[in-house]
>>> print(open('run.cif').read())   # mmCIF, C-alpha atoms and all ligand atoms
data_query
#
loop_
_atom_site.label_atom_id
_atom_site.label_comp_id
_atom_site.auth_asym_id
_atom_site.auth_seq_id
_atom_site.Cartn_x
_atom_site.Cartn_y
_atom_site.Cartn_z
CA MET S 64 -16.50 7.04 12.71
CA HIS S 65 -13.39 6.15 10.88
CA ARG S 66 -13.82 2.63 12.12
CA THR S 67 -16.57 1.80 9.71
CA ILE S 68 -14.60 3.19 6.85
CA TRP S 69 -11.57 1.15 7.73
CA ALA S 70 -13.57 -2.04 7.92
CA VAL S 71 -15.18 -1.11 4.70
CA ALA S 72 -11.92 -0.66 2.89
CA ILE S 73 -10.78 -4.11 3.80
CA THR S 74 -14.08 -5.58 2.78
CA LEU S 75 -13.69 -3.75 -0.47
CA ALA S 76 -10.29 -5.17 -1.06
CA ALA S 77 -11.43 -8.66 -0.16
CA THR S 78 -14.29 -8.27 -2.57
CA ILE S 79 -11.96 -7.19 -5.29
CA LEU S 80 -9.87 -10.25 -4.70
CA ALA S 81 -12.85 -12.52 -4.69
CA ALA S 82 -14.12 -10.99 -7.88
CA CYS S 83 -10.79 -11.35 -9.56
CA GLY S 84 -10.24 -14.93 -8.54
CA GLY S 85 -6.79 -14.22 -7.21
CA GLY S 86 -5.36 -16.43 -9.93
CA GLU S 87 -2.35 -14.34 -10.66
CA ALA S 88 0.20 -16.04 -8.50
CA THR S 89 3.37 -16.21 -10.50
CA SER S 90 5.73 -19.09 -10.83
CA GLU S 91 8.15 -17.16 -12.94
CA GLY S 92 10.67 -16.65 -10.16
CA ALA S 93 11.86 -20.14 -10.83
CA SER S 94 14.95 -19.34 -12.78
CA GLU S 95 17.44 -22.07 -12.21
CA ASP S 96 20.93 -20.87 -11.67
CA GLY S 97 22.60 -24.06 -10.69
CA ALA S 98 21.56 -23.74 -7.08
CA GLY S 99 19.02 -26.47 -7.46
CA THR S 100 15.56 -25.83 -6.09
CA ALA S 101 16.82 -23.47 -3.44
CA GLY S 102 17.01 -20.54 -5.82
CA ALA S 103 13.45 -20.87 -6.97
CA GLU S 104 12.26 -21.43 -3.44
CA GLN S 105 13.93 -18.29 -2.20
CA ALA S 106 12.44 -16.19 -4.93
CA GLU S 107 8.96 -17.44 -4.13
CA ALA S 108 9.31 -17.50 -0.38
CA ALA S 109 10.42 -13.89 -0.09
CA PRO S 110 7.26 -12.58 1.60
CA GLU S 111 7.69 -14.98 4.51
CA GLU S 112 11.19 -13.75 5.15
CA VAL S 113 10.15 -10.19 5.70
CA PRO S 114 11.51 -9.11 9.08
CA SER S 115 9.68 -7.24 11.80
CA PRO S 116 11.37 -4.49 13.82
CA PRO S 117 13.73 -5.59 16.60
CA GLN S 118 11.55 -3.89 19.19
CA PRO S 119 7.92 -2.76 19.31
CA TRP S 120 7.44 -0.07 16.68
CA ALA S 121 5.67 2.28 19.06
CA SER S 122 8.61 2.21 21.43
CA MET S 123 11.18 3.12 18.76
CA SER S 124 12.53 6.64 18.42
CA PRO S 125 11.94 8.53 15.16
CA GLN S 126 15.65 8.02 14.42
CA ASP S 127 15.43 4.28 14.91
CA LYS S 128 12.31 4.14 12.79
CA ALA S 129 14.03 6.07 10.02
CA ALA S 130 17.03 3.77 10.20
CA TRP S 131 14.76 0.72 9.97
CA MET S 132 12.93 2.26 7.02
CA GLN S 133 16.24 2.88 5.31
CA ALA S 134 17.67 -0.56 6.02
CA GLU S 135 14.64 -2.81 5.56
CA VAL S 136 11.55 -1.05 4.30
CA LEU S 137 12.83 1.03 1.40
CA PRO S 138 14.99 -1.67 -0.25
CA ARG S 139 12.25 -4.29 -0.13
CA MET S 140 9.48 -1.99 -1.21
CA SER S 141 11.60 -0.61 -4.05
CA VAL S 142 11.98 -4.09 -5.46
CA MET S 143 8.30 -4.82 -4.98
CA PHE S 144 7.09 -1.64 -6.68
CA ARG S 145 9.52 -2.12 -9.55
CA GLU S 146 8.30 -5.66 -10.07
CA PHE S 147 4.81 -4.26 -10.35
CA ASP S 148 5.66 -1.43 -12.75
CA GLU S 149 9.26 -0.99 -13.70
CA GLU S 150 8.84 2.31 -15.49
CA ARG S 151 6.59 4.10 -13.08
CA TYR S 152 8.61 2.96 -10.09
CA ALA S 153 12.07 3.20 -11.54
CA ARG S 154 12.99 5.31 -8.55
CA VAL S 155 11.33 4.51 -5.25
CA THR S 156 12.32 6.73 -2.34
CA CYS S 157 11.07 7.64 1.11
CA ALA S 158 8.89 10.18 -0.71
CA THR S 159 7.05 7.49 -2.66
CA CYS S 160 5.19 6.71 0.55
CA HIS S 161 5.79 9.77 2.68
CA GLY S 162 5.48 12.44 0.00
CA PRO S 163 7.74 15.42 -0.66
CA GLY S 164 7.64 16.31 3.04
CA ALA S 165 10.07 13.44 3.59
CA ALA S 166 12.84 15.70 2.33
CA SER S 167 12.29 17.97 5.31
CA GLY S 168 11.78 15.20 7.82
CA ASP S 169 7.99 14.97 7.72
CA PHE S 170 7.19 11.26 7.87
CA ALA S 171 3.67 11.46 9.27
CA MET S 172 1.35 8.76 8.02
CA PRO S 173 -1.17 8.63 6.45
CA SER S 174 0.35 10.93 3.85
CA ASN S 175 -1.68 13.50 1.99
CA ALA S 176 0.73 12.99 -0.88
CA LEU S 177 -0.98 9.66 -1.49
CA PRO S 178 -4.43 9.64 -3.07
CA ALA S 179 -7.38 9.62 -0.67
CA LEU S 180 -9.55 6.52 -0.97
CA PRO S 181 -13.36 6.53 -1.11
CA PRO S 182 -15.78 4.83 1.30
CA THR S 183 -17.60 1.64 0.53
CA GLY S 184 -20.75 1.54 -1.52
CA SER S 185 -20.00 4.87 -3.10
CA PRO S 186 -19.97 5.38 -6.86
CA GLU S 187 -16.40 6.56 -6.39
CA GLN S 188 -15.47 3.21 -4.91
CA ARG S 189 -17.00 1.34 -7.83
CA ALA S 190 -15.17 3.57 -10.23
CA MET S 191 -11.92 2.95 -8.37
CA VAL S 192 -12.36 -0.80 -8.47
CA ALA S 193 -13.12 -0.68 -12.17
CA GLN S 194 -10.19 1.55 -12.91
CA TYR S 195 -7.44 0.33 -10.61
CA GLY S 196 -7.90 -3.45 -10.47
CA PRO S 197 -4.27 -4.55 -10.88
CA MET S 198 -3.04 -1.76 -8.62
CA LEU S 199 -5.56 -2.66 -5.93
CA ARG S 200 -4.54 -6.31 -5.99
CA PHE S 201 -0.91 -5.26 -5.78
CA MET S 202 -1.71 -3.05 -2.80
CA PHE S 203 -3.78 -5.67 -1.03
CA ASN S 204 -1.66 -8.72 -1.75
CA HIS S 205 1.80 -7.24 -1.52
CA VAL S 206 2.23 -3.66 -0.35
CA MET S 207 -0.11 -3.79 2.62
CA PRO S 208 0.89 -7.15 4.16
CA THR S 209 4.60 -6.65 3.61
CA THR S 210 4.65 -3.17 5.09
CA GLN S 211 2.54 -4.35 7.99
CA THR S 212 5.12 -6.98 8.81
CA LEU S 213 7.98 -4.54 8.32
CA VAL S 214 6.57 -2.15 10.89
CA GLY S 215 5.23 -4.90 13.12
CA GLY S 216 1.69 -3.63 12.65
CA GLU S 217 -1.26 -5.31 14.30
CA ASP S 218 -3.65 -7.22 12.08
CA PHE S 219 -6.62 -5.22 11.00
CA ASP S 220 -9.47 -5.82 13.42
CA GLU S 221 -12.85 -5.45 11.86
CA ALA S 222 -14.56 -5.18 15.23
CA THR S 223 -12.49 -2.31 16.53
CA GLY S 224 -11.25 -0.84 13.28
CA GLY S 225 -7.72 -0.91 14.68
CA GLY S 226 -4.62 -2.32 13.10
CA PHE S 227 -2.79 -1.90 9.84
CA SER S 228 -4.78 -1.13 6.71
CA CYS S 229 -4.86 0.86 3.49
CA PHE S 230 -5.38 3.87 5.72
CA SER S 231 -2.08 3.40 7.46
CA CYS S 232 -0.73 5.05 4.31
CA HIS S 233 -3.64 6.58 2.38
CA PRO S 234 -5.94 9.31 3.72
CA HIS S 235 -9.70 8.91 3.67
CA GLN S 236 -11.68 10.74 1.06
CA GLY S 237 -12.51 14.15 2.49
CA ASP S 238 -9.65 14.25 4.98
CA GLU S 239 -8.32 17.76 5.35
CA GLY S 240 -5.55 18.50 2.89
CA SER S 241 -5.98 15.25 1.00
CA THR S 242 -6.42 14.82 -2.74
CA MET S 243 -9.04 12.39 -3.92
CA ILE S 244 -7.85 9.54 -6.12
CA GLU S 245 -8.34 10.36 -9.80
CA LEU S 246 -11.38 8.68 -11.21
CA ALA S 247 -12.79 8.43 -14.69
CA ALA S 248 -16.36 9.55 -15.26
CA PRO S 249 -18.80 7.26 -13.42
CA GLU S 250 -20.21 4.40 -15.49
CA GLU S 251 -23.82 5.17 -14.70
CA ASP S 252 -23.64 8.44 -16.56
CA ALA S 253 -26.88 7.37 -18.17
CA GLY S 254 -27.78 10.79 -19.48
CA GLY S 255 -24.80 10.71 -21.77
CA GLU S 256 -24.47 14.46 -21.59
CA ALA S 257 -20.77 14.27 -20.93
CA ALA S 258 -19.23 14.88 -24.30
CA GLU S 259 -16.18 12.80 -23.55
C1 LIG N 1 6.42 1.46 1.36
C2 LIG N 1 6.12 2.70 1.98
C3 LIG N 1 7.20 3.37 2.81
C4 LIG N 1 8.46 3.76 2.41
C5 LIG N 1 9.11 3.56 1.04
C6 LIG N 1 9.05 4.41 3.53
N1 LIG N 1 8.18 4.42 4.58
FE1 LIG N 1 8.51 5.27 6.41
N2 LIG N 1 6.68 4.62 7.03
C7 LIG N 1 5.78 3.91 6.27
C8 LIG N 1 4.61 3.61 7.07
C9 LIG N 1 3.39 2.84 6.62
C10 LIG N 1 4.84 4.18 8.35
C11 LIG N 1 3.89 4.21 9.54
C12 LIG N 1 3.96 2.94 10.32
C13 LIG N 1 2.96 3.03 11.43
O1 LIG N 1 3.20 3.74 12.40
O2 LIG N 1 1.91 2.40 11.30
C14 LIG N 1 6.15 4.82 8.28
C15 LIG N 1 6.73 5.49 9.35
C16 LIG N 1 7.94 6.15 9.28
C17 LIG N 1 8.51 6.93 10.36
C18 LIG N 1 7.86 7.16 11.70
C19 LIG N 1 6.93 8.31 11.57
C20 LIG N 1 6.19 8.59 12.84
O3 LIG N 1 5.50 9.63 12.88
O4 LIG N 1 6.24 7.78 13.77
C21 LIG N 1 9.70 7.42 9.92
C22 LIG N 1 10.65 8.31 10.70
C23 LIG N 1 9.89 6.95 8.56
N3 LIG N 1 8.78 6.19 8.21
C24 LIG N 1 10.97 7.23 7.79
C25 LIG N 1 11.17 6.74 6.51
C26 LIG N 1 12.38 6.95 5.74
C27 LIG N 1 13.58 7.76 6.22
C28 LIG N 1 12.21 6.33 4.55
C29 LIG N 1 13.20 6.18 3.40
C30 LIG N 1 14.49 5.66 3.79
C31 LIG N 1 10.89 5.71 4.58
N4 LIG N 1 10.30 5.98 5.78
C32 LIG N 1 10.34 4.97 3.55
C33 LIG N 1 5.93 3.55 4.95
C34 LIG N 1 7.05 3.78 4.18
C1 LIG N 2 2.55 1.02 2.84
C2 LIG N 2 1.74 2.09 2.35
C3 LIG N 2 0.51 1.71 1.53
C4 LIG N 2 -0.52 0.88 1.86
C5 LIG N 2 -0.72 0.07 3.13
C6 LIG N 2 -1.45 0.93 0.76
N1 LIG N 2 -0.99 1.76 -0.20
FE1 LIG N 2 -1.91 2.20 -1.96
N2 LIG N 2 -0.27 3.24 -2.55
C7 LIG N 2 0.87 3.42 -1.82
C8 LIG N 2 1.89 4.03 -2.66
C9 LIG N 2 3.29 4.39 -2.23
C10 LIG N 2 1.31 4.19 -3.93
C11 LIG N 2 1.97 4.74 -5.19
C12 LIG N 2 1.82 6.20 -5.28
C13 LIG N 2 2.51 6.71 -6.54
O1 LIG N 2 2.48 6.01 -7.55
O2 LIG N 2 3.03 7.81 -6.49
C14 LIG N 2 -0.05 3.70 -3.83
C15 LIG N 2 -0.96 3.72 -4.88
C16 LIG N 2 -2.28 3.28 -4.79
C17 LIG N 2 -3.25 3.40 -5.85
C18 LIG N 2 -2.99 3.97 -7.24
C19 LIG N 2 -3.14 5.44 -7.25
C20 LIG N 2 -2.86 5.98 -8.62
O3 LIG N 2 -3.06 7.19 -8.79
O4 LIG N 2 -2.43 5.26 -9.51
C21 LIG N 2 -4.41 2.88 -5.36
C22 LIG N 2 -5.72 2.77 -6.09
C23 LIG N 2 -4.15 2.42 -4.02
N3 LIG N 2 -2.84 2.69 -3.71
C24 LIG N 2 -5.08 1.81 -3.21
C25 LIG N 2 -4.75 1.16 -2.01
C26 LIG N 2 -5.66 0.28 -1.29
C27 LIG N 2 -7.10 -0.02 -1.68
C28 LIG N 2 -4.97 -0.18 -0.21
C29 LIG N 2 -5.41 -1.20 0.83
C30 LIG N 2 -5.78 -2.49 0.29
C31 LIG N 2 -3.65 0.43 -0.25
N4 LIG N 2 -3.56 1.21 -1.35
C32 LIG N 2 -2.66 0.24 0.71
C33 LIG N 2 1.05 3.09 -0.50
C34 LIG N 2 0.23 2.24 0.21
#
>>> encode(input="run.cif", output="structure tokens")
Amino acid sequence: MHRTIWAVAITLAATILAACGGGEATSEGASEDGAGTAGAEQAEAAPEEVPSPPQPWASMSPQDKAAWMQAEVLPRMSVMFREFDEERYARVTCATCHGPGAASGDFAMPSNALPALPPTGSPEQRAMVAQYGPMLRFMFNHVMPTTQTLVGGEDFDEATGGGFSCFSCHPHQGDEGSTMIELAAPEEDAGGEAAE
């Protein structure tokens, strides 16, 4: 049941990328500081240097997972989110992903503190794509793959629906206790009755 939705979300993201041409790779990390090409290379090569946990994630204790999050996940993701939007993500904490429950030790994922995402083909999905383009590309190109590596997550498997995906963090639309992502009025509001 959820399988289809998972597959769908990835397809959605891939579609977004295709539609957007993916031409936003930056080359601005190339500030030369006397270190020759090495400096620029490091800045650009960062994603490949993302470490995976020292042992299989599933076999780690909650304490070890928290320590790994603190040491490797939070620092890297803080930088990444700030690069995307410095103001909005001036302060990235455990709660940015895990929600306010993190303060009391609730680290369950997906987190209902994150917006629930709609299924494919729905008007909500179209509205989301229209509204959140840059954010979706950031999620798909950076947040999702980096976090997957950081927790040693399996690749998403379209056939089985298993593996790491958007829904490793975000709930599905309609999940109990979740809050649907905020969407503007649907485009095909042909009647035009909505005053705003
Ligand atoms: C970028 C998002 C992100 C941030 C920031 C983050 N986490 Fe996580 N965390 C995750 C994801 C995703 C998982 C689930 C991995 C999985 O099992 O697939 C997780 C899992 C965990 C778990 C294991 C939960 C369980 O039920 O097995 C703990 C504990 C944890 N995080 C603690 C922390 C702590 C402590 C911090 C801050 C120092 C933190 N996390 C910051 C994304 C994040
Ligand atoms: C590692 C956890 C994680 C993964 C994986 C992830 N997200 Fe996110 N997502 C977040 C966090 C954290 C935020 C920021 C929430 C905030 O600003 O408070 C976010 C924000 C968003 C937003 C913006 C919401 C808003 O109100 O501005 C959208 C849209 C979104 N994600 C979609 C996706 C999609 C689609 C995928 C899969 C391609 C995905 N996310 C994968 C953690 C994740």
>>> closest_atom_pairs(input="run.cif", of="chain S", to="ligand LIG 1 (chain N)", cutoff="9 Å", atoms="only C-alpha atoms and all ligand atoms", output="JSON lines")
{"residue": "S:Trp120", "atom": "CA", "partner": "N:LIG1", "partner_atom": "O1", "distance": 7.1}
{"residue": "S:Ala121", "atom": "CA", "partner": "N:LIG1", "partner_atom": "O1", "distance": 7.3}
{"residue": "S:Met123", "atom": "CA", "partner": "N:LIG1", "partner_atom": "O4", "distance": 8.4}
{"residue": "S:Ser124", "atom": "CA", "partner": "N:LIG1", "partner_atom": "O4", "distance": 7.9}
{"residue": "S:Pro125", "atom": "CA", "partner": "N:LIG1", "partner_atom": "C22", "distance": 4.6}
{"residue": "S:Gln126", "atom": "CA", "partner": "N:LIG1", "partner_atom": "C22", "distance": 6.2}
{"residue": "S:Asp127", "atom": "CA", "partner": "N:LIG1", "partner_atom": "C22", "distance": 7.5}
{"residue": "S:Lys128", "atom": "CA", "partner": "N:LIG1", "partner_atom": "C22", "distance": 5.0}
{"residue": "S:Ala129", "atom": "CA", "partner": "N:LIG1", "partner_atom": "C24", "distance": 4.0}
{"residue": "S:Ala130", "atom": "CA", "partner": "N:LIG1", "partner_atom": "C27", "distance": 6.6}
{"residue": "S:Trp131", "atom": "CA", "partner": "N:LIG1", "partner_atom": "C25", "distance": 7.8}
{"residue": "S:Met132", "atom": "CA", "partner": "N:LIG1", "partner_atom": "C31", "distance": 4.7}
{"residue": "S:Gln133", "atom": "CA", "partner": "N:LIG1", "partner_atom": "C30", "distance": 3.6}
{"residue": "S:Ala134", "atom": "CA", "partner": "N:LIG1", "partner_atom": "C30", "distance": 7.3}
{"residue": "S:Glu135", "atom": "CA", "partner": "N:LIG1", "partner_atom": "C30", "distance": 8.7}
{"residue": "S:Val136", "atom": "CA", "partner": "N:LIG1", "partner_atom": "C4", "distance": 6.0}
{"residue": "S:Leu137", "atom": "CA", "partner": "N:LIG1", "partner_atom": "C5", "distance": 4.5}
{"residue": "S:Pro138", "atom": "CA", "partner": "N:LIG1", "partner_atom": "C5", "distance": 8.0}
{"residue": "S:Arg139", "atom": "CA", "partner": "N:LIG1", "partner_atom": "C1", "distance": 8.3}
{"residue": "S:Met140", "atom": "CA", "partner": "N:LIG1", "partner_atom": "C1", "distance": 5.3}
{"residue": "S:Ser141", "atom": "CA", "partner": "N:LIG1", "partner_atom": "C5", "distance": 7.0}
{"residue": "S:Phe144", "atom": "CA", "partner": "N:LIG1", "partner_atom": "C1", "distance": 8.6}
{"residue": "S:Val155", "atom": "CA", "partner": "N:LIG1", "partner_atom": "C5", "distance": 6.7}
{"residue": "S:Thr156", "atom": "CA", "partner": "N:LIG1", "partner_atom": "C5", "distance": 5.6}
{"residue": "S:Cys157", "atom": "CA", "partner": "N:LIG1", "partner_atom": "C29", "distance": 3.5}
{"residue": "S:Ala158", "atom": "CA", "partner": "N:LIG1", "partner_atom": "C5", "distance": 6.9}
{"residue": "S:Thr159", "atom": "CA", "partner": "N:LIG1", "partner_atom": "C5", "distance": 5.8}
{"residue": "S:Cys160", "atom": "CA", "partner": "N:LIG1", "partner_atom": "C2", "distance": 4.4}
{"residue": "S:His161", "atom": "CA", "partner": "N:LIG1", "partner_atom": "N1", "distance": 6.2}
{"residue": "S:Ala165", "atom": "CA", "partner": "N:LIG1", "partner_atom": "C27", "distance": 7.2}
{"residue": "S:Ala166", "atom": "CA", "partner": "N:LIG1", "partner_atom": "C27", "distance": 8.9}
{"residue": "S:Gly168", "atom": "CA", "partner": "N:LIG1", "partner_atom": "C22", "distance": 7.6}
{"residue": "S:Asp169", "atom": "CA", "partner": "N:LIG1", "partner_atom": "C19", "distance": 7.8}
{"residue": "S:Phe170", "atom": "CA", "partner": "N:LIG1", "partner_atom": "C19", "distance": 4.7}
{"residue": "S:Ala171", "atom": "CA", "partner": "N:LIG1", "partner_atom": "O3", "distance": 4.4}
{"residue": "S:Met172", "atom": "CA", "partner": "N:LIG1", "partner_atom": "C11", "distance": 5.4}
{"residue": "S:Pro173", "atom": "CA", "partner": "N:LIG1", "partner_atom": "C9", "distance": 7.4}
{"residue": "S:Val206", "atom": "CA", "partner": "N:LIG1", "partner_atom": "C1", "distance": 6.8}
{"residue": "S:Met207", "atom": "CA", "partner": "N:LIG1", "partner_atom": "C1", "distance": 8.5}
{"residue": "S:Thr209", "atom": "CA", "partner": "N:LIG1", "partner_atom": "C1", "distance": 8.6}
{"residue": "S:Thr210", "atom": "CA", "partner": "N:LIG1", "partner_atom": "C1", "distance": 6.2}
{"residue": "S:Gln211", "atom": "CA", "partner": "N:LIG1", "partner_atom": "C9", "distance": 7.4}
{"residue": "S:Leu213", "atom": "CA", "partner": "N:LIG1", "partner_atom": "C12", "distance": 8.7}
{"residue": "S:Val214", "atom": "CA", "partner": "N:LIG1", "partner_atom": "C12", "distance": 5.7}
{"residue": "S:Gly215", "atom": "CA", "partner": "N:LIG1", "partner_atom": "O2", "distance": 8.2}
{"residue": "S:Gly216", "atom": "CA", "partner": "N:LIG1", "partner_atom": "O2", "distance": 6.2}
{"residue": "S:Glu217", "atom": "CA", "partner": "N:LIG1", "partner_atom": "O2", "distance": 8.9}
{"residue": "S:Gly226", "atom": "CA", "partner": "N:LIG1", "partner_atom": "O2", "distance": 8.3}
{"residue": "S:Phe227", "atom": "CA", "partner": "N:LIG1", "partner_atom": "O2", "distance": 6.5}
{"residue": "S:Ser228", "atom": "CA", "partner": "N:LIG1", "partner_atom": "O2", "distance": 8.8}
{"residue": "S:Phe230", "atom": "CA", "partner": "N:LIG1", "partner_atom": "C9", "distance": 8.9}
{"residue": "S:Ser231", "atom": "CA", "partner": "N:LIG1", "partner_atom": "C9", "distance": 5.6}
{"residue": "S:Cys232", "atom": "CA", "partner": "N:LIG1", "partner_atom": "C9", "distance": 5.2}
>>> residues_around(input="run.cif", residues="S:Asp238", least_positions_apart="5", cutoff="10 Å", atoms="only C-alpha atoms", output="list in words")
Asn175, Ala179, Leu180 and Met243 of chain S
>>> closest_residue(input="run.cif", among="S:Ser115, S:Ser122, S:Ser185, S:Thr212", to="ligand LIG 2 (chain N)", atoms="all atoms listed in the file")
S:Thr212
>>> closest_residue(input="run.cif", among="S:Gln236, S:Ser241, S:Val142, S:Asn204", to="S:Arg154", atoms="all atoms listed in the file")
S:Val142
>>> atom_distance(input="run.cif", atom1="atom CA of S:Tyr195", atom2="atom C22 of ligand LIG 2 (chain N)")
5.4 Å
>>> atom_distance(input="run.cif", atom1="atom CA of S:Glu245", atom2="atom C19 of ligand LIG 2 (chain N)")
7.6 Å
>>> axis_aligned_box(input="run.cif", around="stretch 226-242 of chain S", padding_each_side="3 Å", output="JSON")
{"center_x": -6.6, "center_y": 8.1, "center_z": 5.2, "size_x": 17.8, "size_y": 26.8, "size_z": 21.8}
>>> atom_distance(input="run.cif", atom1="atom C12 of ligand LIG 2 (chain N)", atom2="atom CA of S:Leu177")
5.8 Å
>>> closest_residue(input="run.cif", among="S:Leu199, S:Met143, S:Ala222, S:Leu246", to="ligand LIG 2 (chain N)", atoms="only C-alpha atoms and all ligand atoms")
S:Leu199
